[in-house]
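Participant: Just so it is clear, I am handing over data10.cif, which has mmCIF, C-alpha atoms.
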data_upload
#
loop_
_atom_site.label_atom_id
_atom_site.label_comp_id
_atom_site.auth_asym_id
_atom_site.auth_seq_id
_atom_site.Cartn_x
_atom_site.Cartn_y
_atom_site.Cartn_z
CA GLN Z 1 94.60 -38.55 -287.51
CA LEU Z 2 90.81 -38.20 -287.64
CA GLU Z 3 91.09 -34.62 -286.35
CA MET Z 4 93.71 -33.85 -289.02
CA ILE Z 5 91.49 -35.35 -291.75
CA LYS Z 6 88.51 -33.30 -290.46
CA GLU Z 7 90.60 -30.11 -290.58
CA ARG Z 8 91.73 -30.90 -294.14
CA VAL Z 9 88.12 -31.60 -295.25
CA THR Z 10 86.98 -28.35 -293.64
CA LEU Z 11 89.89 -26.50 -295.28
CA ALA Z 12 89.07 -28.07 -298.66
CA GLN Z 13 85.42 -27.04 -298.32
CA SER Z 14 86.49 -23.49 -297.40
CA ILE Z 15 88.75 -23.37 -300.43
CA GLU Z 16 85.93 -24.64 -302.68
CA ASP Z 17 83.59 -21.98 -301.23
CA LEU Z 18 86.19 -19.28 -301.86
CA ILE Z 19 86.73 -20.55 -305.43
CA ARG Z 20 82.96 -20.37 -306.08
CA LYS Z 21 82.80 -16.86 -304.58
CA LYS Z 22 85.75 -15.79 -306.71
CA GLU Z 23 84.08 -17.21 -309.86
CA LYS Z 24 80.85 -15.36 -309.02
CA LEU Z 25 82.74 -12.11 -308.38
CA ASN Z 26 84.65 -12.49 -311.67
CA HIS Z 27 81.34 -13.12 -313.44
CA ASP Z 28 79.81 -10.01 -311.79
CA ILE Z 29 82.88 -7.93 -312.68
CA GLY Z 30 82.55 -9.06 -316.30
CA ASN Z 31 78.86 -8.09 -316.33
CA TYR Z 32 79.59 -4.67 -314.81
CA LYS Z 33 82.41 -4.02 -317.29
CA GLU Z 34 80.06 -4.87 -320.14
CA LEU Z 35 77.36 -2.61 -318.67
CA ILE Z 36 79.88 0.25 -318.29
CA GLU Z 37 80.98 -0.14 -321.91
CA GLN Z 38 77.33 -0.09 -323.05
CA LYS Z 39 76.71 3.08 -321.02
CA LYS Z 40 79.87 4.71 -322.41
CA SER Z 41 78.85 3.82 -325.94
CA SER Z 42 75.30 5.08 -325.37
CA SER Z 43 76.59 8.27 -323.74
CA SER Z 44 79.07 8.86 -326.55
CA GLY Z 45 76.33 8.40 -329.15
CA ARG Z 46 74.02 10.69 -327.20
CA MET Z 47 76.69 13.36 -326.92
CA GLU Z 48 77.42 13.18 -330.64
CA SER Z 49 73.71 13.55 -331.37
CA VAL Z 50 73.35 16.59 -329.08
CA TYR Z 51 76.48 18.27 -330.48
CA SER Z 52 75.31 17.61 -334.03
CA ASN Z 53 71.88 19.14 -333.27
CA LEU Z 54 73.47 22.21 -331.67
CA GLU Z 55 75.76 22.64 -334.67
CA SER Z 56 72.82 22.39 -337.07
CA LEU Z 57 70.65 24.81 -335.08
CA THR Z 58 73.47 27.37 -334.77
CA LEU Z 59 74.21 27.18 -338.49
CA ASP Z 60 70.52 27.70 -339.31
CA ILE Z 61 70.51 30.85 -337.17
CA VAL Z 62 73.76 32.44 -338.43
CA ARG Z 63 72.89 31.75 -342.07
CA ASN Z 64 69.92 34.08 -341.61
CA ASP Z 65 72.20 36.97 -340.68
CA LEU Z 66 72.33 39.91 -343.07
CA ASP Z 67 75.26 40.30 -345.47
CA PHE Z 68 77.66 41.65 -342.85
CA GLU Z 69 79.78 38.48 -342.58
CA THR Z 70 80.29 36.26 -345.63
CA ASP Z 71 81.35 33.33 -343.44
CA PHE Z 72 77.97 33.43 -341.71
CA ILE Z 73 75.93 33.27 -344.90
CA HIS Z 74 78.09 30.48 -346.37
CA SER Z 75 78.68 28.59 -343.13
CA SER Z 76 78.95 24.83 -343.27
CA GLU Z 77 80.68 23.91 -340.01
CA PHE Z 78 80.26 25.11 -336.44
CA ASP Z 79 82.42 23.72 -333.67
CA PHE Z 80 82.37 24.43 -329.95
CA ASN Z 81 84.21 23.24 -326.90
CA PHE Z 82 82.75 23.95 -323.48
CA ALA Z 83 85.91 22.99 -321.58
CA ARG Z 84 88.05 25.43 -323.55
CA ASP Z 85 85.29 28.06 -323.88
CA ARG Z 86 85.89 28.16 -327.62
CA MET Z 87 83.80 28.17 -330.76
CA SER Z 88 84.58 28.42 -334.45
CA LEU Z 89 82.67 28.79 -337.67
CA ASN Z 90 84.14 27.25 -340.83
CA GLY Z 91 87.37 26.79 -338.86
CA LYS Z 92 87.60 30.50 -337.95
CA SER Z 93 87.33 31.72 -334.39
CA LYS Z 94 88.05 35.42 -334.97
CA PHE Z 95 85.44 37.75 -336.41
CA SER Z 96 84.52 41.38 -335.95
CA ALA Z 97 83.27 42.25 -332.47
CA SER Z 98 79.64 42.53 -333.58
CA SER Z 99 79.87 39.21 -335.46
CA MET Z 100 81.31 37.51 -332.35
CA VAL Z 101 78.38 38.80 -330.29
CA LEU Z 102 75.94 37.52 -332.91
CA LEU Z 103 77.69 34.13 -333.13
CA LYS Z 104 77.69 33.68 -329.35
CA ASN Z 105 74.04 34.70 -329.08
CA SER Z 106 73.15 32.38 -331.96
CA PHE Z 107 74.79 29.50 -330.10
CA ARG Z 108 72.96 30.43 -326.88
CA LEU Z 109 69.68 30.45 -328.78
CA ALA Z 110 70.55 27.07 -330.31
CA VAL Z 111 71.13 25.64 -326.81
CA LEU Z 112 67.72 26.92 -325.70
CA LEU Z 113 66.04 25.48 -328.81
CA GLY Z 114 67.82 22.16 -328.32
CA SER Z 115 66.62 21.98 -324.73
CA THR Z 116 63.01 22.62 -325.70
CA PHE Z 117 62.93 20.02 -328.50
CA ASP Z 118 64.84 17.30 -326.62
CA SER Z 119 63.35 16.06 -323.34
CA GLY Z 120 66.67 14.46 -322.32
CA PHE Z 121 68.59 17.73 -322.67
CA ARG Z 122 69.94 18.86 -319.30
CA TYR Z 123 69.55 22.62 -319.61
CA PRO Z 124 66.93 24.90 -318.06
CA ARG Z 125 64.63 26.30 -320.71
CA LEU Z 126 65.68 29.84 -319.92
CA LEU Z 127 67.69 32.23 -322.06
CA LEU Z 128 68.91 35.56 -320.72
CA MET Z 129 70.80 37.89 -323.06
CA ASP Z 130 71.77 41.31 -321.81
CA ASN Z 131 72.16 43.92 -324.56
CA ILE Z 132 72.28 41.73 -327.65
CA GLU Z 133 73.84 44.39 -329.87
CA ASP Z 134 77.07 45.06 -327.97
CA LYS Z 135 80.25 45.89 -329.84
CA GLY Z 136 79.02 48.31 -332.49
CA MET Z 137 76.35 46.20 -334.13
CA MET Z 138 74.34 48.02 -336.81
CA PRO Z 139 70.63 48.53 -335.96
CA GLU Z 140 69.34 46.51 -338.95
CA ARG Z 141 71.55 43.57 -337.97
CA SER Z 142 70.30 43.68 -334.39
CA HIS Z 143 66.69 43.94 -335.60
CA ASN Z 144 67.22 40.96 -337.88
CA PHE Z 145 68.59 38.85 -335.02
CA GLN Z 146 65.70 39.86 -332.75
CA ASN Z 147 63.22 38.78 -335.42
CA ILE Z 148 65.12 35.49 -335.97
CA LEU Z 149 64.96 34.86 -332.22
CA VAL Z 150 61.21 35.49 -332.01
CA ASP Z 151 60.52 33.40 -335.14
CA ALA Z 152 62.63 30.50 -333.84
CA CYS Z 153 60.86 30.59 -330.48
CA SER Z 154 57.40 30.69 -332.07
CA ASN Z 155 57.82 26.98 -332.95
CA ILE Z 156 58.53 25.93 -329.35
CA GLU Z 157 55.74 23.89 -327.79
CA ASN Z 158 57.25 23.26 -324.34
CA PRO Z 159 57.36 25.92 -321.60
CA TYR Z 160 60.38 28.26 -321.87
CA GLN Z 161 61.40 31.83 -321.16
CA VAL Z 162 63.58 34.27 -323.08
CA ILE Z 163 64.65 37.61 -321.68
CA PHE Z 164 66.78 39.96 -323.76
CA THR Z 165 67.56 43.63 -323.51
CA THR Z 166 68.21 45.93 -326.40
CA SER Z 167 68.68 49.62 -327.00
CA MET Z 168 67.63 49.17 -330.66
CA ILE Z 169 64.35 47.28 -330.65
CA SER Z 170 62.99 45.98 -333.93
CA SER Z 171 59.99 47.95 -335.16
CA GLU Z 172 58.17 44.62 -335.60
CA LEU Z 173 58.56 43.91 -331.88
CA ASN Z 174 58.24 47.40 -330.41
CA ASP Z 175 55.08 47.79 -328.32
CA SER Z 176 54.20 44.15 -328.96
CA GLU Z 177 53.14 41.48 -326.48
CA TYR Z 178 56.83 40.62 -326.03
CA CYS Z 179 57.85 43.99 -324.61
CA ARG Z 180 58.00 44.65 -320.88
CA GLY Z 181 58.65 48.04 -319.35
CA GLU Z 182 59.22 51.33 -321.05
CA PHE Z 183 61.78 52.33 -323.66
CA TYR Z 184 64.47 54.53 -322.13
CA LYS Z 185 65.56 57.41 -324.36
CA ARG Z 186 68.87 59.22 -323.96
CA GLY Z 187 68.77 61.20 -320.71
CA THR Z 188 66.00 59.03 -319.27
CA HIS Z 189 67.48 56.68 -316.71
CA THR Z 190 66.31 53.24 -315.69
CA LEU Z 191 66.89 54.03 -312.03
CA LYS Z 192 64.69 56.84 -310.78
CA PHE Z 193 65.61 58.43 -307.49
CA HIS Z 194 62.99 60.44 -305.62
#
Take the structure in the file and give it back as structure tokens.
Facilitator:
Amino acid sequence: QLEMIKERVTLAQSIEDLIRKKEKLNHDIGNYKELIEQKKSSSSGRMESVYSNLESLTLDIVRNDLDFETDFIHSSEFDFNFARDRMSLNGKSKFSASSMVLLKNSFRLAVLLGSTFDSGFRYPRLLLMDNIEDKGMMPERSHNFQNILVDACSNIENPYQVIFTTSMISSELNDSEYCRGEFYKRGTHTLKFH
């Protein structure tokens, strides 16, 4: 009988230990759930802030376009979705080819600007745009965008790099400190074979 009582006491103690462990684990689970919710809320707020800043920066850039696209000048809403590779301005996602190039490049510039002003932004401070006036863009429109780009970058205090190519360089930028390499006229090729 004594052995049976000892076994029951030992079993009761084991059960009490397991109950205490379970209570501690439930407490820890509750704490972790609360922490996860806080992180989700913080992340959601952070994402909203970043998206809002990118929208504002993009709108500031496209509003400085010349009078080629009325929606650009009178823009009030810019939306983008990385997962769907989609963007729209004032609810429209279809514009002329040159306007689409300008809109995409404006957004890329906005991402660079956002990354240089926000230390928590996870984007390298590098912007590479190859031939910014694709799709039949008029020279004055390309020149205007080039000047917008240089003006916007002149306010950046953190290290960054922008590389863009153009076949219609703005007269304000031609032969300036920003230019690298020579200008290739028709018939002059970038690759020279000896």
Participant: Evaluate the PyMOL selection byres ((chain Z and resi 112-119) around 8) against this structure - the residues, as a ChimeraX atom specification, please.
Facilitator: /Z:50,53-54,57,108-111,120-127,152-153,156-160
Participant: Using the chain letters and numbers from this file, what does the PyMOL selection byres ((chain Z and resi 147) around 12) select? Give the answer as a list in words.
Facilitator: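 Output of the PyMOL selection byres ((chain Z and resi 147) around 12): Ile61, Asn64, Asp65, Leu66, Glu140, Arg141, Ser142, His143, Asn144, Phe145, Gln146, Ile148, Leu149, Val150, Asp151, Ala152, Cys153, Ser154, Ile169, Ser170, Ser171, Glu172, Leu173, Asn174 and Tyr178 of chain Z.
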Participant: Could you list, as a PyMOL selection string, every residue within 6 Å of Z:Phe164, counting only C-alpha atoms and ignoring same-chain residues fewer than 6 positions away?
Facilitator: chain Z and resi 128-130
Participant: Provide the atom CA of Z:Pro139 to atom CA of Z:Met168 distance in Å, to one decimal place.
Facilitator: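 Those two atoms sit 6.1 Å apart.
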Participant: Within 12 Å of Z:Ser99, counting all atoms listed in the file, which residues show up once you throw out same-chain ones fewer than 5 positions away? Write them as a PDB file with C-alpha atoms, in the coordinates of the input, please.
Facilitator:
ATOM      1  CA  VAL Z  62      73.760  32.440-338.430  1.00  0.00           C
ATOM      2  CA  ASP Z  65      72.200  36.970-340.680  1.00  0.00           C
ATOM      3  CA  LEU Z  66      72.330  39.910-343.070  1.00  0.00           C
ATOM      4  CA  ASP Z  67      75.260  40.300-345.470  1.00  0.00           C
ATOM      5  CA  PHE Z  68      77.660  41.650-342.850  1.00  0.00           C
ATOM      6  CA  GLU Z  69      79.780  38.480-342.580  1.00  0.00           C
ATOM      7  CA  THR Z  70      80.290  36.260-345.630  1.00  0.00           C
ATOM      8  CA  ASP Z  71      81.350  33.330-343.440  1.00  0.00           C
ATOM      9  CA  PHE Z  72      77.970  33.430-341.710  1.00  0.00           C
ATOM     10  CA  ILE Z  73      75.930  33.270-344.900  1.00  0.00           C
ATOM     11  CA  SER Z  88      84.580  28.420-334.450  1.00  0.00           C
ATOM     12  CA  LEU Z  89      82.670  28.790-337.670  1.00  0.00           C
ATOM     13  CA  LYS Z  92      87.600  30.500-337.950  1.00  0.00           C
ATOM     14  CA  SER Z  93      87.330  31.720-334.390  1.00  0.00           C
ATOM     15  CA  LYS Z  94      88.050  35.420-334.970  1.00  0.00           C
ATOM     16  CA  LYS Z 104      77.690  33.680-329.350  1.00  0.00           C
ATOM     17  CA  ASN Z 105      74.040  34.700-329.080  1.00  0.00           C
ATOM     18  CA  SER Z 106      73.150  32.380-331.960  1.00  0.00           C
ATOM     19  CA  ILE Z 132      72.280  41.730-327.650  1.00  0.00           C
ATOM     20  CA  GLU Z 133      73.840  44.390-329.870  1.00  0.00           C
ATOM     21  CA  ASP Z 134      77.070  45.060-327.970  1.00  0.00           C
ATOM     22  CA  LYS Z 135      80.250  45.890-329.840  1.00  0.00           C
ATOM     23  CA  GLY Z 136      79.020  48.310-332.490  1.00  0.00           C
ATOM     24  CA  MET Z 137      76.350  46.200-334.130  1.00  0.00           C
ATOM     25  CA  MET Z 138      74.340  48.020-336.810  1.00  0.00           C
ATOM     26  CA  ARG Z 141      71.550  43.570-337.970  1.00  0.00           C
ATOM     27  CA  SER Z 142      70.300  43.680-334.390  1.00  0.00           C
ATOM     28  CA  PHE Z 145      68.590  38.850-335.020  1.00  0.00           C
TER      29      PHE Z 145
END
Participant: Which value, in Å to one decimal, gives the distance between atom CA of Z:Glu77 and atom CA of Z:Lys39?
Facilitator: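 Answer for the atom CA of Z:Glu77 to atom CA of Z:Lys39 separation: 28.5 Å.
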Participant: At what distance in Å, to one decimal, does atom CA of Z:Asn81 lie from atom CA of Z:Phe107?
Facilitator: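 Atom CA of Z:Asn81 lies 11.8 Å from atom CA of Z:Phe107.
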